[in-house]
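Asks: Just dropping this structure here.
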Amino acid sequence: MTVRVGLIGCGVMGTDHARILRREVAGARLVATYDADKSRAEAVARRADGARAFASARALIADPDVQAVIIASPDETHAELSIACIEAGKPALCEKPLASSLDDCRAVMAAEMKAGRRLIQVGFMRRFDPGYRAMKGKIGEAELGRPIFLHCVHRNAIAPSYITSDLVLANSAVHEFDISRFILDEEFASVTVISGKPTRNAETRRPQFVALESQSGIVVTIEVFLDAQYGYDVQAELVCENGTASLAPLRPLAERRAGRDGSAVESDWRQRFADAYRVQLQEWIAAIADGGAVGASAWDGYAASVTAAAALEARASGVKTKVAIGERPGFYV
Ligand code: ISE
């Protein structure tokens with residue numbers, strides 16, 4: 001079976017999804033594109049050989065030729081378009097965040113529960129990264145013992161000027177919130193945030209240090225520094241009772257030059273998580289063909305956003321703040 005996919009949003013991430021779908025994913029074909037900038041939608045459609053550029057996102061979702069939708073449009077459109085896909089009975093892979101408010105996240109979950117089946121996957125691609133998956137596999141193994149700490153580092157070389165200190169938490173740290181929940185299989189109970197010093201490269205955007213406690217008391221620390229200059233660098237170390245497990249990105253080439261010994265650092269997340277993006281799309285397509293669902297659910301999208309909202313509150317107040325996640329509906333268990 002070939003799943004016929006429509007793409008909404010042909011910016012950096014949408015264009016990349018189209019490329020991966022075309023070159024690296026079996027069992028899928030891009031048949032439709034939409035972007036507020038028509039020329040971008042047409043350019044992506046031309047490369048996809050036979051895909052049509054649509055005049056509106058709604059028309060793309062309603063088109064009988066489109067079986068599944070990738071939503072890579074601006075954050076504030078995610079909830080509305082996810083709900084439109086649910087109402088049309090079409091699976092959608094929605095870039096993070098699920099919605100730009102907690103009420104909108106709840107509206108997506110309500111629509112999905114009403115539809116009675118999981119149709120929304122949130123694009124938390126790290127869940128498909130081989131390193132994080134291996135780390136998750138260590139939880140519960142007797143040799144390492146029970147987890148005590150998870151230390152995470154999230155550094156971007158540079159961030160666009162519109163990224164504020166708030167977005168450091170809501171847009172970047174949100175990946176760490178999701179992946180920590182995924183690895184530990186627990187919700188968070190509290191969050192504390194300390195702002196780092198502004199750097200000379202970004203006077204107003206401050207690096208953030210986040211400390212979270214999970215419901216069972218595991219401590220997760222996160223450094224988010226989006227002006228690190230030297231490259232894109234994501235690290236994680238799981239500290240357990242008897243030992244540790246750390247991400248070890250496989251770099252195929254080591255270089256020695258100019259008196260230094262080492263290897264190149266990736267420049268952004270599309271390189272660092274190339275495997276994760278490919279496997280995410282491949283597994284999404286395979287699940288659609290099987291009538292199942294994989295990856296982060298709308299509940300996971302909501303939980304990451306609840307944590308981000310609590311982190312923003314903690315940053316503003318300077319005190320430890322409760323992460324009020326509430327009960328997970330049975331539908332999402
Ligand atoms: C970006 O939006 C992403 O989603 C990347 O995965 C993340 O690492 C980066 O910090 C964000 O700005």
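Residues in the structure tokens are numbered from 1 in each chain, the chains being A, B, ... in the order shown, and ligands are numbered from 1 in the order shown.
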To check your reading of the model: which residues sit at most 7 Å from ligand 1 when counting only C-alpha atoms and all ligand atoms? Write the answer as an NGL selection string.
Replies: :A and (154 or 156 or 159 or 171-172 or 175 or 226 or 269)
Asks: Please indicate the distance in Å from CA of Ala264 in chain A to CA of Tyr277 in chain A, rounded to one decimal place.
Replies: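 Spanning CA of Ala264 in chain A to CA of Tyr277 in chain A is a straight-line distance of 20.6 Å.
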Asks: Tell me which of A:Arg205, A:Arg181, A:Lys197, A:Lys114 sits closest to Ile158 in chain A, counting only C-alpha atoms.
Replies: A:Arg205
Asks: I want to know what sits within 8 Å of Lys96 in chain A, based on only C-alpha atoms, with residues of the same chain fewer than 2 positions away left out; could you give that as a PDB file with N, CA, C and O atoms, in the first residue's frame?
Replies:
ATOM      1  N   ASP A  75       3.157  27.617  14.437  1.00  0.00           N
ATOM      2  CA  ASP A  75       2.640  26.998  15.671  1.00  0.00           C
ATOM      3  C   ASP A  75       1.167  27.322  15.932  1.00  0.00           C
ATOM      4  O   ASP A  75       0.405  26.446  16.340  1.00  0.00           O
ATOM      5  N   CYS A  94       1.927  16.213  13.380  1.00  0.00           N
ATOM      6  CA  CYS A  94       1.955  17.658  13.611  1.00  0.00           C
ATOM      7  C   CYS A  94       3.266  18.041  14.271  1.00  0.00           C
ATOM      8  O   CYS A  94       3.636  17.484  15.313  1.00  0.00           O
ATOM      9  N   LEU A  98       2.049  20.951  19.959  1.00  0.00           N
ATOM     10  CA  LEU A  98       0.722  20.526  19.508  1.00  0.00           C
ATOM     11  C   LEU A  98      -0.183  21.738  19.297  1.00  0.00           C
ATOM     12  O   LEU A  98      -0.987  21.765  18.375  1.00  0.00           O
ATOM     13  N   ALA A  99      -0.066  22.730  20.177  1.00  0.00           N
ATOM     14  CA  ALA A  99      -0.912  23.930  20.083  1.00  0.00           C
ATOM     15  C   ALA A  99      -0.198  25.059  20.791  1.00  0.00           C
ATOM     16  O   ALA A  99       0.743  24.821  21.554  1.00  0.00           O
ATOM     17  N   VAL A 122       2.520  13.851  17.485  1.00  0.00           N
ATOM     18  CA  VAL A 122       3.261  15.109  17.597  1.00  0.00           C
ATOM     19  C   VAL A 122       4.716  14.836  17.205  1.00  0.00           C
ATOM     20  O   VAL A 122       5.295  13.816  17.602  1.00  0.00           O
ATOM     21  N   GLY A 123       5.289  15.760  16.424  1.00  0.00           N
ATOM     22  CA  GLY A 123       6.625  15.517  15.851  1.00  0.00           C
ATOM     23  C   GLY A 123       7.772  15.652  16.838  1.00  0.00           C
ATOM     24  O   GLY A 123       8.758  16.341  16.551  1.00  0.00           O
ATOM     25  N   PHE A 124       7.675  14.977  17.972  1.00  0.00           N
ATOM     26  CA  PHE A 124       8.822  14.900  18.884  1.00  0.00           C
ATOM     27  C   PHE A 124       9.727  13.788  18.364  1.00  0.00           C
ATOM     28  O   PHE A 124       9.681  12.641  18.811  1.00  0.00           O
ATOM     29  N   GLY A 301       1.891  15.657  23.747  1.00  0.00           N
ATOM     30  CA  GLY A 301       2.038  17.054  23.337  1.00  0.00           C
ATOM     31  C   GLY A 301       1.526  17.984  24.420  1.00  0.00           C
ATOM     32  O   GLY A 301       2.140  19.010  24.738  1.00  0.00           O
TER      33      GLY A 301
END
